[in-house]
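Coordinates from coords34.cif are shown below (mmCIF, C-alpha atoms (C1' of nucleotides)).
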data_coords
loop_
_atom_site.label_atom_id
_atom_site.label_comp_id
_atom_site.auth_asym_id
_atom_site.auth_seq_id
_atom_site.Cartn_x
_atom_site.Cartn_y
_atom_site.Cartn_z
CA MET A 18 -56.74 242.09 -80.94
CA ARG A 19 -59.24 240.85 -83.51
CA ARG A 20 -61.58 239.68 -80.79
CA LEU A 21 -61.33 242.93 -78.87
CA ALA A 22 -61.99 244.89 -82.04
CA GLN A 23 -65.06 242.84 -82.72
CA ALA A 24 -66.35 243.38 -79.20
CA LEU A 25 -65.98 247.10 -79.79
CA GLY A 26 -67.77 246.85 -83.11
CA VAL A 27 -64.74 248.06 -84.96
CA VAL A 28 -62.23 246.75 -87.43
CA PRO A 29 -59.01 245.26 -85.91
CA MET A 30 -56.68 247.90 -87.26
CA ALA A 31 -58.69 250.64 -85.55
CA LEU A 32 -57.11 249.59 -82.26
CA TYR A 33 -53.72 250.64 -83.51
CA LYS A 34 -54.78 254.24 -83.43
CA HIS A 35 -54.90 253.91 -79.63
CA VAL A 36 -52.08 251.54 -78.79
CA ASP A 37 -48.82 250.80 -80.53
CA ASN A 38 -49.23 247.06 -80.33
CA LYS A 39 -50.65 244.22 -78.30
CA ASP A 40 -47.82 244.29 -75.78
CA GLU A 41 -48.44 247.90 -74.93
CA LEU A 42 -52.13 247.15 -74.50
CA LEU A 43 -51.34 244.35 -72.08
CA ASP A 44 -48.96 246.62 -70.18
CA GLY A 45 -51.80 249.04 -69.71
CA MET A 46 -54.29 246.39 -68.67
CA VAL A 47 -51.88 244.97 -66.14
CA ASP A 48 -51.17 248.36 -64.65
CA ILE A 49 -54.88 248.87 -64.13
CA VAL A 50 -54.94 245.68 -62.12
CA PHE A 51 -52.00 246.97 -60.09
CA GLY A 52 -54.07 250.02 -59.44
CA GLU A 53 -56.67 247.87 -57.74
CA ILE A 54 -54.14 246.64 -55.20
CA GLU A 55 -54.21 248.55 -51.96
CA SER A 56 -51.07 250.59 -51.36
CA PRO A 57 -49.90 250.64 -47.76
CA SER A 58 -49.45 254.09 -46.34
CA ILE A 59 -45.96 254.79 -45.11
CA ASP A 60 -46.84 255.31 -41.49
CA ALA A 61 -49.20 252.39 -41.12
CA ASP A 62 -48.58 249.43 -38.88
CA TRP A 63 -46.52 247.33 -41.25
CA ARG A 64 -48.06 244.00 -40.38
CA SER A 65 -51.67 244.86 -40.99
CA ALA A 66 -50.72 247.03 -43.96
CA MET A 67 -48.88 244.16 -45.61
CA ARG A 68 -51.71 241.84 -44.78
CA ARG A 69 -54.29 244.11 -46.35
CA ARG A 70 -52.18 244.64 -49.40
CA ALA A 71 -51.61 240.92 -49.87
CA ILE A 72 -55.29 240.14 -49.51
CA SER A 73 -56.33 242.87 -51.88
CA ALA A 74 -53.71 241.64 -54.33
CA ARG A 75 -55.12 238.14 -54.23
CA GLU A 76 -58.60 239.46 -54.73
CA ALA A 77 -57.54 241.59 -57.67
CA LEU A 78 -55.80 238.64 -59.24
CA LYS A 79 -58.84 236.52 -58.64
CA ARG A 80 -61.05 239.09 -60.34
CA HIS A 81 -58.68 239.31 -63.28
CA SER A 82 -57.19 235.89 -63.50
CA TRP A 83 -56.06 236.54 -67.06
CA ALA A 84 -53.47 238.86 -65.50
CA ILE A 85 -51.80 236.21 -63.42
CA GLY A 86 -48.97 235.18 -65.69
CA LEU A 87 -48.55 238.77 -66.80
CA MET A 88 -48.25 240.88 -63.64
CA GLU A 89 -44.61 240.09 -63.27
CA THR A 90 -43.76 239.96 -66.92
CA ARG A 91 -44.87 243.31 -68.26
CA HIS A 92 -43.05 246.60 -68.17
CA PRO A 93 -43.98 248.24 -64.90
CA GLY A 94 -46.47 251.07 -65.16
CA PRO A 95 -47.14 253.95 -62.75
CA ALA A 96 -49.51 251.99 -60.50
CA ASN A 97 -46.96 249.23 -60.25
CA LEU A 98 -44.17 251.59 -59.25
CA ARG A 99 -46.35 253.45 -56.81
CA ASN A 100 -47.43 250.27 -55.11
CA HIS A 101 -43.95 248.84 -54.85
CA ASN A 102 -42.58 252.11 -53.61
CA ALA A 103 -45.27 252.21 -50.94
CA VAL A 104 -44.50 248.69 -49.81
CA MET A 105 -40.82 249.38 -49.45
CA GLY A 106 -41.59 252.66 -47.75
CA CYS A 107 -43.85 251.08 -45.20
CA LEU A 108 -41.35 248.36 -44.39
CA ARG A 109 -38.40 250.72 -44.10
CA GLU A 110 -40.28 253.12 -41.85
CA SER A 111 -41.37 250.25 -39.63
CA GLY A 112 -37.87 249.38 -38.60
CA PHE A 113 -36.90 246.88 -41.24
CA SER A 114 -33.29 247.16 -42.29
CA PHE A 115 -32.72 247.62 -45.98
CA GLU A 116 -31.68 244.01 -46.45
CA THR A 117 -34.52 242.61 -44.41
CA ALA A 118 -37.02 244.79 -46.22
CA ILE A 119 -35.81 243.43 -49.54
CA HIS A 120 -36.12 239.90 -48.22
CA ALA A 121 -39.58 240.52 -46.84
CA TYR A 122 -40.67 242.05 -50.08
CA SER A 123 -39.39 239.14 -52.05
CA VAL A 124 -41.03 236.46 -49.89
CA LEU A 125 -44.37 238.21 -49.77
CA ASP A 126 -44.62 238.84 -53.46
CA ALA A 127 -43.42 235.39 -54.37
CA TYR A 128 -46.09 233.95 -52.09
CA ILE A 129 -48.84 236.17 -53.43
CA TYR A 130 -48.16 235.48 -57.08
CA GLY A 131 -47.39 231.83 -56.53
CA PHE A 132 -50.60 231.33 -54.63
CA ALA A 133 -52.64 233.14 -57.25
CA GLN A 134 -51.09 230.96 -59.91
CA GLN A 135 -51.97 227.78 -58.04
CA GLU A 136 -55.46 228.97 -57.34
CA LYS A 137 -56.01 229.73 -60.98
CA THR A 138 -54.66 226.40 -62.11
CA LEU A 139 -56.40 224.15 -59.67
CA GLY A 140 -59.50 226.02 -60.59
CA PHE A 141 -61.70 224.88 -57.78
CA GLN A 142 -63.42 227.07 -55.29
CA THR A 143 -65.32 224.78 -52.99
CA PRO A 144 -63.91 221.91 -50.95
CA GLY A 145 -66.06 219.47 -52.91
CA ASP A 146 -64.55 220.56 -56.16
CA ALA A 147 -61.10 220.25 -54.68
CA GLY A 148 -61.27 216.57 -53.81
CA GLU A 149 -62.95 215.81 -57.07
CA ALA A 150 -60.28 217.67 -58.98
CA VAL A 151 -57.46 215.77 -57.31
CA GLN A 152 -59.19 212.50 -58.02
CA ARG A 153 -59.94 213.29 -61.64
CA ARG A 154 -56.42 214.44 -62.35
CA ALA A 155 -54.66 211.59 -60.68
CA GLN A 156 -56.84 208.91 -62.16
CA ALA A 157 -56.34 210.22 -65.63
CA ILE A 158 -52.77 209.04 -65.22
CA ALA A 159 -52.71 206.04 -62.95
CA PRO A 160 -54.81 204.38 -60.31
CA LEU A 161 -54.74 206.40 -57.15
CA ASP A 162 -53.57 203.32 -55.25
CA ASP A 163 -50.06 204.11 -56.44
CA TYR A 164 -50.20 207.44 -54.68
CA PRO A 165 -51.55 206.83 -51.19
CA TYR A 166 -50.93 210.35 -49.95
CA LEU A 167 -52.67 211.92 -52.90
CA ALA A 168 -55.50 209.49 -52.28
CA GLU A 169 -55.72 210.85 -48.77
CA ILE A 170 -56.13 214.33 -50.20
CA ALA A 171 -58.83 213.15 -52.55
CA THR A 172 -60.80 211.56 -49.73
CA LYS A 173 -60.25 214.01 -46.90
CA LEU A 174 -60.19 217.36 -48.61
CA PRO A 175 -63.88 217.48 -49.52
CA ALA A 176 -64.83 217.10 -45.85
CA SER A 177 -62.26 219.54 -44.55
CA GLY A 178 -64.04 222.74 -45.47
CA TYR A 179 -61.21 223.85 -47.70
CA ASP A 180 -61.45 227.48 -48.75
CA ASN A 181 -58.97 229.33 -50.89
CA ALA A 182 -59.26 232.58 -48.99
CA VAL A 183 -58.62 230.80 -45.69
CA GLU A 184 -55.75 228.86 -47.18
CA PHE A 185 -54.19 232.07 -48.45
CA ALA A 186 -54.55 233.78 -45.10
CA TRP A 187 -52.97 230.84 -43.31
CA GLY A 188 -49.79 231.06 -45.33
CA LEU A 189 -49.81 234.82 -45.24
CA ASP A 190 -50.01 234.94 -41.47
CA LEU A 191 -47.33 232.31 -41.24
CA ILE A 192 -45.02 234.49 -43.26
CA LEU A 193 -45.94 237.70 -41.47
CA ASP A 194 -45.31 236.10 -38.07
CA ALA A 195 -41.96 234.88 -39.22
CA LEU A 196 -41.05 238.27 -40.67
CA ASP A 197 -41.94 239.98 -37.45
CA ARG A 198 -39.60 237.68 -35.60
CA ARG A 199 -36.77 238.34 -38.05
CA ARG A 200 -37.38 242.05 -37.86
CA ARG A 201 -37.11 242.08 -34.08
CA THR A 202 -33.96 239.99 -33.94
CA ALA A 203 -32.32 241.98 -36.72
CA ARG A 204 -33.00 245.13 -34.78
CA ARG A 205 -30.87 244.29 -31.81
CA MET B 18 -43.95 223.12 -83.62
CA ARG B 19 -42.54 224.38 -86.89
CA ARG B 20 -39.34 225.46 -85.20
CA LEU B 21 -38.94 222.16 -83.39
CA ALA B 22 -39.52 220.26 -86.61
CA GLN B 23 -36.88 222.31 -88.35
CA ALA B 24 -34.42 221.68 -85.53
CA LEU B 25 -35.05 217.97 -86.00
CA GLY B 26 -34.56 218.27 -89.74
CA VAL B 27 -38.08 217.15 -90.41
CA VAL B 28 -41.31 218.55 -91.75
CA PRO B 29 -43.71 220.03 -89.15
CA MET B 30 -46.40 217.43 -89.60
CA ALA B 31 -43.98 214.62 -88.82
CA LEU B 32 -44.23 215.61 -85.15
CA TYR B 33 -47.87 214.64 -85.10
CA LYS B 34 -46.93 211.02 -85.49
CA HIS B 35 -45.45 211.28 -81.99
CA VAL B 36 -47.72 213.67 -80.13
CA ASP B 37 -51.37 214.48 -80.57
CA ASN B 38 -50.84 218.23 -80.46
CA LYS B 39 -48.74 220.99 -79.01
CA ASP B 40 -50.45 220.84 -75.63
CA GLU B 41 -49.61 217.22 -75.16
CA LEU B 42 -46.03 217.92 -76.11
CA LEU B 43 -45.83 220.66 -73.48
CA ASP B 44 -47.37 218.34 -70.91
CA GLY B 45 -44.58 215.89 -71.59
CA MET B 46 -41.86 218.51 -71.46
CA VAL B 47 -43.15 219.86 -68.19
CA ASP B 48 -43.30 216.42 -66.66
CA ILE B 49 -39.66 215.89 -67.57
CA VAL B 50 -38.83 219.02 -65.62
CA PHE B 51 -40.83 217.67 -62.69
CA GLY B 52 -38.68 214.58 -62.96
CA GLU B 53 -35.63 216.70 -62.26
CA ILE B 54 -37.02 217.84 -58.93
CA GLU B 55 -35.77 215.83 -56.02
CA SER B 56 -38.48 213.75 -54.37
CA PRO B 57 -38.24 213.58 -50.59
CA SER B 58 -38.16 210.06 -49.23
CA ILE B 59 -40.97 209.31 -46.82
CA ASP B 60 -38.83 208.67 -43.79
CA ALA B 61 -36.45 211.60 -44.25
CA ASP B 62 -36.19 214.48 -41.83
CA TRP B 63 -38.98 216.65 -43.23
CA ARG B 64 -37.21 219.96 -42.86
CA SER B 65 -34.09 219.13 -44.77
CA ALA B 66 -36.07 217.05 -47.24
CA MET B 67 -38.37 219.98 -48.01
CA ARG B 68 -35.41 222.27 -48.22
CA ARG B 69 -33.61 220.07 -50.69
CA ARG B 70 -36.71 219.63 -52.77
CA ALA B 71 -37.37 223.36 -52.88
CA ILE B 72 -33.82 224.15 -53.86
CA SER B 73 -33.74 221.50 -56.54
CA ALA B 74 -37.08 222.81 -57.81
CA ARG B 75 -35.69 226.30 -58.13
CA GLU B 76 -32.64 224.99 -59.91
CA ALA B 77 -34.74 222.98 -62.32
CA LEU B 78 -36.91 225.99 -63.05
CA LYS B 79 -33.85 228.09 -63.55
CA ARG B 80 -32.43 225.58 -65.99
CA HIS B 81 -35.72 225.44 -67.88
CA SER B 82 -37.15 228.87 -67.43
CA TRP B 83 -39.53 228.33 -70.32
CA ALA B 84 -41.37 225.94 -68.02
CA ILE B 85 -42.15 228.51 -65.37
CA GLY B 86 -45.60 229.60 -66.40
CA LEU B 87 -46.43 226.06 -67.39
CA MET B 88 -45.56 223.84 -64.44
CA GLU B 89 -48.79 224.59 -62.70
CA THR B 90 -50.93 224.85 -65.79
CA ARG B 91 -50.44 221.55 -67.54
CA HIS B 92 -52.11 218.26 -66.90
CA PRO B 93 -50.07 216.51 -64.25
CA GLY B 94 -47.87 213.70 -65.50
CA PRO B 95 -46.38 210.76 -63.60
CA ALA B 96 -43.33 212.64 -62.32
CA ASN B 97 -45.58 215.39 -61.05
CA LEU B 98 -47.83 212.98 -59.16
CA ARG B 99 -44.90 211.05 -57.79
CA ASN B 100 -43.25 214.19 -56.49
CA HIS B 101 -46.38 215.59 -54.93
CA ASN B 102 -47.22 212.26 -53.37
CA ALA B 103 -43.74 212.07 -51.90
CA VAL B 104 -44.00 215.56 -50.44
CA MET B 105 -47.30 214.84 -48.77
CA GLY B 106 -45.99 211.50 -47.59
CA CYS B 107 -42.93 213.02 -46.01
CA LEU B 108 -44.94 215.69 -44.23
CA ARG B 109 -47.60 213.32 -42.95
CA GLU B 110 -45.04 210.85 -41.64
CA SER B 111 -43.18 213.64 -39.89
CA GLY B 112 -46.06 214.44 -37.62
CA PHE B 113 -47.92 217.04 -39.65
CA SER B 114 -51.65 216.77 -39.28
CA PHE B 115 -53.54 216.44 -42.52
CA GLU B 116 -54.66 220.05 -42.46
CA THR B 117 -51.26 221.41 -41.57
CA ALA B 118 -49.62 219.29 -44.25
CA ILE B 119 -51.97 220.76 -46.86
CA HIS B 120 -51.18 224.24 -45.62
CA ALA B 121 -47.44 223.60 -45.62
CA TYR B 122 -47.61 222.17 -49.07
CA SER B 123 -49.53 225.15 -50.34
CA VAL B 124 -47.20 227.76 -48.85
CA LEU B 125 -44.07 226.05 -50.01
CA ASP B 126 -45.19 225.52 -53.58
CA ALA B 127 -46.62 228.99 -53.86
CA TYR B 128 -43.30 230.38 -52.69
CA ILE B 129 -41.24 228.22 -55.01
CA TYR B 130 -43.21 229.04 -58.14
CA GLY B 131 -43.70 232.65 -57.23
CA PHE B 132 -40.01 233.11 -56.63
CA ALA B 133 -39.10 231.38 -59.87
CA GLN B 134 -41.49 233.64 -61.70
CA GLN B 135 -39.96 236.76 -60.18
CA GLU B 136 -36.46 235.57 -60.84
CA LYS B 137 -37.30 234.92 -64.46
CA THR B 138 -38.96 238.29 -64.91
CA LEU B 139 -36.43 240.47 -63.21
CA GLY B 140 -33.89 238.68 -65.28
CA PHE B 141 -30.81 239.70 -63.44
CA GLN B 142 -28.30 237.42 -61.84
CA THR B 143 -25.70 239.66 -60.32
CA PRO B 144 -26.24 242.43 -57.80
CA GLY B 145 -24.95 244.97 -60.29
CA ASP B 146 -27.56 244.01 -62.83
CA ALA B 147 -30.23 244.26 -60.19
CA GLY B 148 -29.74 247.87 -59.30
CA GLU B 149 -29.34 248.79 -62.90
CA ALA B 150 -32.55 246.98 -63.78
CA VAL B 151 -34.55 248.81 -61.13
CA GLN B 152 -33.17 252.10 -62.32
CA ARG B 153 -33.81 251.45 -65.98
CA ARG B 154 -37.36 250.30 -65.40
CA ALA B 155 -38.38 253.08 -63.13
CA GLN B 156 -36.88 255.85 -65.19
CA ALA B 157 -38.63 254.65 -68.30
CA ILE B 158 -41.79 255.79 -66.55
CA ALA B 159 -40.97 258.70 -64.32
CA PRO B 160 -38.05 260.29 -62.57
CA LEU B 161 -36.94 258.14 -59.69
CA ASP B 162 -37.29 261.12 -57.39
CA ASP B 163 -40.99 260.37 -57.23
CA TYR B 164 -40.25 256.98 -55.76
CA PRO B 165 -37.70 257.47 -53.02
CA TYR B 166 -37.85 253.92 -51.73
CA LEU B 167 -37.35 252.48 -55.17
CA ALA B 168 -34.48 254.88 -55.54
CA GLU B 169 -32.97 253.41 -52.41
CA ILE B 170 -33.13 249.98 -54.01
CA ALA B 171 -31.49 251.27 -57.14
CA THR B 172 -28.62 252.77 -55.20
CA LYS B 173 -28.09 250.22 -52.45
CA LEU B 174 -28.81 246.93 -54.12
CA PRO B 175 -25.73 246.86 -56.32
CA ALA B 176 -23.50 247.12 -53.27
CA SER B 177 -25.41 244.63 -51.18
CA GLY B 178 -24.10 241.46 -52.78
CA TYR B 179 -27.55 240.42 -53.84
CA ASP B 180 -27.73 236.83 -55.02
CA ASN B 181 -30.85 235.03 -56.16
CA ALA B 182 -29.90 231.72 -54.60
CA VAL B 183 -29.26 233.40 -51.25
CA GLU B 184 -32.47 235.36 -51.51
CA PHE B 185 -34.40 232.19 -52.22
CA ALA B 186 -32.84 230.38 -49.30
CA TRP B 187 -33.62 233.24 -46.95
CA GLY B 188 -37.33 233.07 -47.66
CA LEU B 189 -37.31 229.31 -47.73
CA ASP B 190 -35.73 229.07 -44.29
CA LEU B 191 -38.13 231.67 -42.98
CA ILE B 192 -41.04 229.54 -44.10
CA LEU B 193 -39.53 226.27 -42.89
CA ASP B 194 -38.86 227.75 -39.45
CA ALA B 195 -42.40 228.99 -39.23
CA LEU B 196 -43.81 225.66 -40.36
CA ASP B 197 -41.81 223.85 -37.74
CA ARG B 198 -43.28 226.08 -35.10
CA ARG B 199 -46.81 225.45 -36.36
CA ARG B 200 -46.21 221.74 -36.53
CA ARG B 201 -45.04 221.60 -32.93
CA THR B 202 -47.91 223.63 -31.55
CA ALA B 203 -50.50 221.75 -33.62
CA ARG B 204 -49.16 218.53 -32.17
CA ARG B 205 -50.07 219.24 -28.62
"C1'" DG C 10 -67.69 280.44 -94.80
"C1'" DA C 11 -63.73 278.05 -97.04
"C1'" DC C 12 -59.49 275.44 -95.77
"C1'" DT C 13 -56.96 272.28 -93.72
"C1'" DA C 14 -54.96 269.50 -89.92
"C1'" DT C 15 -56.02 265.71 -87.31
"C1'" DA C 16 -58.26 261.90 -84.75
"C1'" DG C 17 -60.40 257.92 -85.74
"C1'" DG C 18 -61.96 254.20 -88.68
"C1'" DT C 19 -61.38 251.04 -93.03
"C1'" DG C 20 -59.57 247.40 -96.43
"C1'" DT C 21 -56.18 244.66 -98.12
"C1'" DA C 22 -52.33 241.94 -97.53
"C1'" DC C 23 -48.32 239.48 -95.42
"C1'" DG C 24 -45.90 236.27 -92.45
"C1'" DT C 25 -46.37 233.14 -88.64
"C1'" DC C 26 -48.61 229.64 -86.21
"C1'" DG C 27 -51.00 225.03 -85.15
"C1'" DT C 28 -52.84 221.32 -87.49
"C1'" DA C 29 -56.40 218.44 -90.72
"C1'" DC C 30 -56.10 215.29 -94.53
"C1'" DA C 31 -54.31 212.52 -98.05
"C1'" DC C 32 -50.26 210.56 -99.72
"C1'" DT C 33 -45.58 208.00 -99.77
"C1'" DT C 34 -41.89 205.04 -98.11
"C1'" DG C 35 -39.09 201.90 -95.54
"C1'" DT C 36 -39.12 197.92 -92.29
"C1'" DC C 37 -40.35 193.63 -90.50
"C1'" DA C 38 -43.65 189.50 -89.29
"C1'" DA C 39 -46.34 185.93 -91.24
"C1'" DT D 4 -44.20 187.74 -101.13
"C1'" DT D 5 -47.27 190.25 -98.89
"C1'" DG D 6 -49.25 193.38 -96.21
"C1'" DA D 7 -49.47 195.93 -91.90
"C1'" DC D 8 -47.58 199.65 -89.72
"C1'" DA D 9 -44.46 203.31 -88.12
"C1'" DA D 10 -42.54 207.41 -89.85
"C1'" DG D 11 -42.19 211.18 -92.94
"C1'" DT D 12 -44.14 214.46 -96.74
"C1'" DG D 13 -46.98 218.18 -99.19
"C1'" DT D 14 -50.69 221.01 -99.48
"C1'" DA D 15 -54.01 223.74 -97.47
"C1'" DC D 16 -56.95 226.22 -94.00
"C1'" DG D 17 -58.16 229.39 -90.48
"C1'" DA D 18 -56.49 232.12 -86.67
"C1'" DC D 19 -53.45 235.67 -85.27
"C1'" DG D 20 -50.75 240.33 -84.99
"C1'" DT D 21 -49.88 244.12 -87.71
"C1'" DA D 22 -47.70 247.13 -91.92
"C1'" DC D 23 -49.39 250.33 -95.28
"C1'" DA D 24 -52.36 253.11 -97.87
"C1'" DC D 25 -56.71 255.09 -97.88
"C1'" DC D 26 -61.10 257.47 -96.27
"C1'" DT D 27 -64.07 260.70 -93.34
"C1'" DA D 28 -65.89 263.71 -90.01
"C1'" DT D 29 -64.85 267.16 -86.85
"C1'" DA D 30 -62.51 271.38 -85.02
"C1'" DG D 31 -59.75 275.30 -85.36
"C1'" DT D 32 -57.89 279.20 -87.84
"C1'" DC D 33 -57.87 282.93 -91.30
#
Represent the structure of the file as C-alpha cells.
Amino acid sequence: MRRLAQALGVVPMALYKHVDNKDELLDGMVDIVFGEIESPSIDADWRSAMRRRAISAREALKRHSWAIGLMETRHPGPANLRNHNAVMGCLRESGFSFETAIHAYSVLDAYIYGFAQQEKTLGFQTPGDAGEAVQRRAQAIAPLDDYPYLAEIATKLPASGYDNAVEFAWGLDLILDALDRRRRTARR
Amino acid sequence: MRRLAQALGVVPMALYKHVDNKDELLDGMVDIVFGEIESPSIDADWRSAMRRRAISAREALKRHSWAIGLMETRHPGPANLRNHNAVMGCLRESGFSFETAIHAYSVLDAYIYGFAQQEKTLGFQTPGDAGEAVQRRAQAIAPLDDYPYLAEIATKLPASGYDNAVEFAWGLDLILDALDRRRRTARR
DNA sequence: GACTATAGGTGTACGTCGTACACTTGTCAA
DNA sequence: TTGACAAGTGTACGACGTACACCTATAGTC
C-alpha cells in the first residue's frame, strides 16, 4: 500500500478513500486479470474454445505473474464468475454430462494454474536458462552425480529447444484429447 | 517467527541460532513435506508408481496446506531433489523418451499442485459444503440467475456425492491414460 | 453569491513483523 | 581451571497495513 501510494504521488492513507483495505484491492486486481482471459462462447466447438481459453489464461498469468498465487485465493469478482459460467456453459452444451463437465473443469483449471505456478517458479524462458537453472539448483545442495536423472535434464535440456509455450500446449492437448475420449464414451 | 518462538517458550531471536532467517526455515519445512511424498522406485511399473506418488503428494499437501503456495517457490532441498530424480528415473526406465518424460513430468506436477491449490481455496470437503460454497460466493456478487451454469453447479453438486479424493483420482487417471498412449506411440 | 455536503488528500500513531547487534549463561574439552 | 562454544536474552530499527481526526477544493442548492 505504501509503495503504491508513493507511485501515485500520494500519501498511503489516501488509498483508503478508494478501497476498504489491501485485500479488497487485490480482489479487484485479480478480477481484472480474469477479465483478460478469453471466455468461450456457449455454442463454440468445445475443444478449440477450451484450448483458446487455456492459452489466453496462461498468457494473462504470464503477463501478471504477481497474480499467480492469488487467482484462486481471492473472492471471485464478476469477470471470474462470467468466465467460469461460460466454461461450464460451453462444456454442457457440447454434450458433456454434468459430472464429466465438472471433472473436465477441474482438470483443466488445475493444469492451467499448476503450470503457471511452475513456470513462474522455475523462472526460465529459454532452453539454455533451463539447463543452467537445474544445474545451479541441484549443485547448491549436492553434487549432481547423486542424481543421475536430474543430471540428464541439466545436460540435455539446453539442446532440446525447450519452450514454455510449447510445453504448455503439449500437456493441454494431452488433456483435451483425453477429455474428448471420456466425453464420447460417457455419451453412449 | 515471533509466534513460533512463543510456541517454543523462547524469545524470538533465539530462533536465529538455528536458522539464518525465515526463508531458510521455510525451505526446511517445505523439504520435510517433500520427504513425505512417496518416491517411485526406478524399476517399478511407471503407471502405478506415478499414481501412488501423485496421491501421496496430494495427501501430504492436504495435511500441510500451508505448504501449498511454497512447494514450488522455495529452494529445493535434498528430499525435493531425491523425489524428482526418482520420478525422472522411473519414467526413463519405463521406456519414456527424454522429451516425453519431461512432458509427463510437467503435466503431472502441474496437475498435482494446481489441484492442491484449488482444493485449498475452495475449502470444502463434503459435497454439501461444495454447493453451498458456490452459492454463497456467487450471490455475494450478483444474483445467480445471471450465471445459469454456475447455478446448476450450486443445485446439483450437493447431490452428486462430490469428493475431492475421487475428483483428484479422476483427473489423475485421465492424464495417466493419455500419457500411456503417448508413450506407446512415441516408442514406435 | 453564500452555504454546505462531499470526495479526496493529509498527518500522526499503533500494533505486528522480521531481524541486527550486543550481551549473558550453561556445558564440556583440554 | 579455563576458555571456547552453543543456546538464549533484551533492546531497537525499519517496514508494513491501517484507525482516527483533520484539512481543502469543488459542486450543488437556495
Give me, as a tab-separated table, the closest atom pair and its distance (Å, one decimal) for every residue of chain C within a cut-off of 10 Å of chain A, counting only C-alpha atoms (C1' of nucleotides), rows sorted by chain and rising number.
residue	atom	partner	partner_atom	distance
C:DA16	C1'	A:Lys34	CA	8.5
C:DG17	C1'	A:Lys34	CA	7.1
C:DG18	C1'	A:Ala31	CA	5.8
C:DT19	C1'	A:Val28	CA	7.1
C:DG20	C1'	A:Val28	CA	9.4
Practice prompt. List, as a PyMOL selection string, every residue that the PyMOL selection byres ((chain D and resi 8) around 10) selects in the file provided.
Written response: (chain C and resi 36-37) or (chain D and resi 6-7+9-10)
Worksheet item: Which chain D residues are at most 10 Å from chain A (counting all atoms listed in the file), as JSON, numbers by chain?
Response: {"D": [18, 19, 20, 21]}
Item to complete: For chain A, work out the contacting residues on chain B at 8 Å, counting all atoms listed in the file, and write them as an NGL selection string.
Response: :B and (86 or 89-90 or 92-95 or 98-99 or 101-103 or 105-106 or 116 or 120-121 or 123-124 or 126-132 or 134-135 or 138 or 154-155 or 158-159 or 164-167 or 177 or 184 or 187-188 or 191-192 or 194-196)
Apply the PyMOL selection byres ((chain D and resi 33) around 10) to the displayed file and report the matching residues as a PDB file with C-alpha atoms (C1' of nucleotides), in the frame of the given file.
ATOM      1  C1'  DA C  11     -63.730 278.050 -97.040  1.00  0.00           C
ATOM      2  C1'  DC C  12     -59.490 275.440 -95.770  1.00  0.00           C
TER       3       DC C  12
ATOM      4  C1'  DG D  31     -59.750 275.300 -85.360  1.00  0.00           C
ATOM      5  C1'  DT D  32     -57.890 279.200 -87.840  1.00  0.00           C
TER       6       DT D  32
END
Worksheet item: Between C1' of DT34 (chain C) and C1' of DG11 (chain D), what is the distance, to one decimal in Å?
Response: 8.0 Å
Practice prompt. Work out how far apart CA of Arg75 (chain A) and CA of Ser82 (chain B) are and give it in Å to one decimal.
Written response: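 Computing the Euclidean distance for CA of Arg75 (chain A) and CA of Ser82 (chain B) yields 24.1 Å.
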